[in-house]
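Structure first, commentary second.
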Amino acid sequence: MTTIPLSLTHLVRPSTITSGKAPTLIMLHGYGSDEYDLFSFASELPGELLIISARAPYQLQPYGNAWYAINFDSVQGKFSDNEQAKESRIAISNFLDEVIANYPVDKDNITLLGFSQGTILSYAVALSEPSKIKNVIALSGYINTEIITPEFEKNDFSGLSIYASHGSQDQVIPVSWARKAPELLKELGIEHTYSEFPVGHGVHPQNFTELKKWLEERL
């Protein structure tokens, strides 16, 4: 399949479905990475999935990309640019519309798979516009309520399912931040699974096996 020029640079792995609309997985990478990173998972995921891996809009030096800036100031400490994050949330939502318009996508069966910063944006998109997303696979991230649309708690989450996982030894995003997600998801009545694995800021092999099984059961 030829990659169609859209607002976000992306890679595509076609679905094995030859006619009709395909269940679709959108990959959102972490800070300092690019669209090739998570795309390495594509060959191990179900063939019926149309897989699209997007590149974040902000280019970093000397390499890599980000969905929003993270400041590592010695005085103010580490903090995120929430305004940029909101802009990226909107950009991803618009990109989803473009994907649906230009690829053979089943718009009622779209999964977001994020890692780290990509997970934070996946949560933000799904909780802001749950009608667009069926599943979220949230790896090594957390929910930042400051970048979600106002009064998101009033949204209808009945069609949304979330798989979240985190490394118990993560030194980039503390596991304590990730543990707050299932608490909020329970309050919102969202069907969810949360797992921890004995790794740092990465994906344990058992983690991948578990998320793959979880996804297969929901296609």
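Please note that chains go A, B, ... in the order of the structure tokens, that every chain numbers its residues from 1, and that ligands are numbered from 1 in the order shown.
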
Rows by chain and residue number, region 65-136 of chain A within 6 Å of region 142-156 of chain A, shortest pair, only C-alpha atoms, as JSON lines:
```
{"residue": "A:Lys86", "atom": "CA", "partner": "A:Ile147", "partner_atom": "CA", "distance": 5.3}
{"residue": "A:Ile120", "atom": "CA", "partner": "A:Tyr142", "partner_atom": "CA", "distance": 5.6}
{"residue": "A:Ala124", "atom": "CA", "partner": "A:Ile148", "partner_atom": "CA", "distance": 5.0}
{"residue": "A:Ser128", "atom": "CA", "partner": "A:Thr149", "partner_atom": "CA", "distance": 5.3}
```

### Message
Env of Ser40 (chain A): 10 Å cut, atoms = only C-alpha atoms, seq-sep filter 5 positions within chain, self excluded. Answer as a ChimeraX atom specification.
### Response
/A:35,45,53

Selected residues, N, CA and C atoms, written as a PDB file, in the first residue's frame, please.
```pdb
ATOM      1  N   GLU A  35       8.365   7.302  13.927  1.00  0.00           N
ATOM      2  CA  GLU A  35       7.334   6.354  13.495  1.00  0.00           C
ATOM      3  C   GLU A  35       7.862   4.935  13.288  1.00  0.00           C
ATOM      4  N   LEU A  45       1.766  -8.592  15.074  1.00  0.00           N
ATOM      5  CA  LEU A  45       0.372  -8.326  15.409  1.00  0.00           C
ATOM      6  C   LEU A  45      -0.566  -8.927  14.362  1.00  0.00           C
ATOM      7  N   SER A  53       1.584   3.914  11.801  1.00  0.00           N
ATOM      8  CA  SER A  53       2.454   4.466  12.834  1.00  0.00           C
ATOM      9  C   SER A  53       2.789   5.913  12.478  1.00  0.00           C
TER      10      SER A  53
END
```

### Query
So how far away is CA of Leu38 (chain A) from CA of Ser195 (chain A), in Å?
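Computed distance, CA of Ser195 (chain A) to CA of Leu38 (chain A), equals 19.3 Å.
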
#### Entry: All residues 8 Å or closer to region 136-140 of chain A, only C-alpha atoms, same chain fewer than 4 positions away omitted, as a PyMOL selection string
chain A and resi 111-116+119-120+122-123+126+160-167+173+178+201-203+211

Output file for the selection above: N, CA, C and O atoms, as a JSON list (two decimals), in the first residue's frame:
```
[["chain", "number", "residue", "atom", "x", "y", "z"],
["A", 111, "THR", "N", -8.02, 1.27, 17.27],
["A", 111, "THR", "CA", -7.24, 1.13, 18.50],
["A", 111, "THR", "C", -6.05, 2.08, 18.47],
["A", 111, "THR", "O", -5.38, 2.20, 17.44],
["A", 112, "LEU", "N", -5.80, 2.76, 19.57],
["A", 112, "LEU", "CA", -4.59, 3.56, 19.72],
["A", 112, "LEU", "C", -3.60, 2.77, 20.56],
["A", 112, "LEU", "O", -3.96, 2.25, 21.62],
["A", 113, "LEU", "N", -2.37, 2.67, 20.08],
["A", 113, "LEU", "CA", -1.29, 2.04, 20.85],
["A", 113, "LEU", "C", -0.21, 3.08, 21.06],
["A", 113, "LEU", "O", 0.39, 3.56, 20.10],
["A", 114, "GLY", "N", 0.01, 3.46, 22.31],
["A", 114, "GLY", "CA", 1.00, 4.47, 22.61],
["A", 114, "GLY", "C", 2.07, 3.97, 23.55],
["A", 114, "GLY", "O", 1.87, 3.03, 24.31],
["A", 115, "PHE", "N", 3.23, 4.62, 23.48],
["A", 115, "PHE", "CA", 4.30, 4.36, 24.44],
["A", 115, "PHE", "C", 4.74, 5.69, 25.04],
["A", 115, "PHE", "O", 5.00, 6.64, 24.30],
["A", 116, "SER", "N", 4.79, 5.75, 26.38],
["A", 116, "SER", "CA", 5.27, 6.93, 27.09],
["A", 116, "SER", "C", 4.47, 8.18, 26.70],
["A", 116, "SER", "O", 3.27, 8.25, 26.95],
["A", 119, "THR", "N", 1.46, 7.36, 24.90],
["A", 119, "THR", "CA", 0.39, 6.86, 25.76],
["A", 119, "THR", "C", -0.39, 8.01, 26.38],
["A", 119, "THR", "O", -1.62, 7.99, 26.43],
["A", 120, "ILE", "N", 0.32, 9.03, 26.84],
["A", 120, "ILE", "CA", -0.33, 10.19, 27.45],
["A", 120, "ILE", "C", -1.29, 10.84, 26.45],
["A", 120, "ILE", "O", -2.42, 11.21, 26.79],
["A", 122, "SER", "N", -2.59, 9.20, 23.80],
["A", 122, "SER", "CA", -3.64, 8.21, 23.51],
["A", 122, "SER", "C", -4.77, 8.32, 24.53],
["A", 122, "SER", "O", -5.95, 8.33, 24.19],
["A", 123, "TYR", "N", -4.39, 8.40, 25.81],
["A", 123, "TYR", "CA", -5.39, 8.62, 26.87],
["A", 123, "TYR", "C", -6.19, 9.90, 26.60],
["A", 123, "TYR", "O", -7.41, 9.93, 26.71],
["A", 126, "ALA", "N", -8.64, 9.55, 23.60],
["A", 126, "ALA", "CA", -9.74, 8.62, 23.88],
["A", 126, "ALA", "C", -10.70, 9.17, 24.93],
["A", 126, "ALA", "O", -11.92, 9.00, 24.80],
["A", 160, "LEU", "N", -15.60, 2.00, 25.15],
["A", 160, "LEU", "CA", -14.15, 2.11, 25.23],
["A", 160, "LEU", "C", -13.55, 1.06, 26.16],
["A", 160, "LEU", "O", -14.05, 0.82, 27.25],
["A", 161, "SER", "N", -12.45, 0.43, 25.72],
["A", 161, "SER", "CA", -11.69, -0.52, 26.55],
["A", 161, "SER", "C", -10.22, -0.11, 26.56],
["A", 161, "SER", "O", -9.69, 0.34, 25.53],
["A", 162, "ILE", "N", -9.58, -0.28, 27.71],
["A", 162, "ILE", "CA", -8.19, 0.16, 27.85],
["A", 162, "ILE", "C", -7.32, -0.93, 28.48],
["A", 162, "ILE", "O", -7.70, -1.53, 29.48],
["A", 163, "TYR", "N", -6.18, -1.17, 27.84],
["A", 163, "TYR", "CA", -5.14, -2.04, 28.42],
["A", 163, "TYR", "C", -3.97, -1.12, 28.77],
["A", 163, "TYR", "O", -3.43, -0.42, 27.90],
["A", 164, "ALA", "N", -3.57, -1.12, 30.04],
["A", 164, "ALA", "CA", -2.45, -0.29, 30.48],
["A", 164, "ALA", "C", -1.40, -1.16, 31.15],
["A", 164, "ALA", "O", -1.74, -2.12, 31.86],
["A", 165, "SER", "N", -0.14, -0.83, 30.93],
["A", 165, "SER", "CA", 0.95, -1.55, 31.59],
["A", 165, "SER", "C", 2.09, -0.61, 31.88],
["A", 165, "SER", "O", 2.23, 0.45, 31.26],
["A", 166, "HIS", "N", 2.92, -1.01, 32.85],
["A", 166, "HIS", "CA", 4.02, -0.15, 33.26],
["A", 166, "HIS", "C", 5.14, -1.00, 33.85],
["A", 166, "HIS", "O", 4.89, -2.08, 34.39],
["A", 167, "GLY", "N", 6.36, -0.51, 33.74],
["A", 167, "GLY", "CA", 7.50, -1.17, 34.35],
["A", 167, "GLY", "C", 7.61, -0.79, 35.82],
["A", 167, "GLY", "O", 7.60, 0.41, 36.15],
["A", 173, "ILE", "N", 9.11, 7.56, 34.00],
["A", 173, "ILE", "CA", 7.76, 7.89, 34.49],
["A", 173, "ILE", "C", 7.49, 6.99, 35.69],
["A", 173, "ILE", "O", 7.39, 5.77, 35.53],
["A", 178, "ALA", "N", 1.46, 5.91, 37.00],
["A", 178, "ALA", "CA", 0.68, 4.98, 36.18],
["A", 178, "ALA", "C", -0.44, 4.33, 36.99],
["A", 178, "ALA", "O", -1.52, 4.05, 36.46],
["A", 201, "HIS", "N", 11.83, 1.59, 31.73],
["A", 201, "HIS", "CA", 10.97, 2.30, 30.77],
["A", 201, "HIS", "C", 11.01, 1.56, 29.43],
["A", 201, "HIS", "O", 11.70, 1.96, 28.49],
["A", 202, "GLY", "N", 10.28, 0.46, 29.36],
["A", 202, "GLY", "CA", 10.29, -0.36, 28.16],
["A", 202, "GLY", "C", 9.19, -1.40, 28.21],
["A", 202, "GLY", "O", 8.36, -1.40, 29.13],
["A", 203, "VAL", "N", 9.19, -2.30, 27.23],
["A", 203, "VAL", "CA", 8.14, -3.31, 27.11],
["A", 203, "VAL", "C", 8.74, -4.69, 27.33],
["A", 203, "VAL", "O", 9.56, -5.16, 26.53],
["A", 211, "LEU", "N", -0.52, -8.02, 25.87],
["A", 211, "LEU", "CA", -1.27, -7.00, 25.14],
["A", 211, "LEU", "C", -1.77, -7.54, 23.80],
["A", 211, "LEU", "O", -2.87, -7.17, 23.35]]
```

### Query
Taking into account only C-alpha atoms, which residue in the set A:Tyr103, A:Tyr36, A:Phe79, A:Trp214 is nearest to Lys21 (chain A)?
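Selected residue with least distance to Lys21 (chain A): A:Tyr103.
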
### Pick from A:Thr18, A:Gln84, A:Gln117, A:Ser168, whichever lies nearest to Pro198 (chain A) using only C-alpha atoms
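Closest candidate: A:Ser168.
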
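Of the listed residues (A:Glu87, A:Glu183, A:Asp108, A:Asp81), A:Asp108 comes nearest to Leu25 (chain A); the distances count only C-alpha atoms.
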
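Here CA of Ala54 (chain A) is placed at a distance of 9.2 Å from CA of Phe39 (chain A).
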
### Query
Between A:Val125, A:Ile110, A:Leu185, A:Leu28, which has the minimum distance to Arg55 (chain A) (counting only C-alpha atoms)?
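Among the listed residues, the smallest separation from Arg55 (chain A) belongs to A:Leu28.
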
### Message
Just the number, please: distance in Å from CA of Glu98 (chain A) to CA of Ile17 (chain A), one decimal.
### Response
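Straight-line distance from CA of Glu98 (chain A) to CA of Ile17 (chain A) works out to 20.3 Å.
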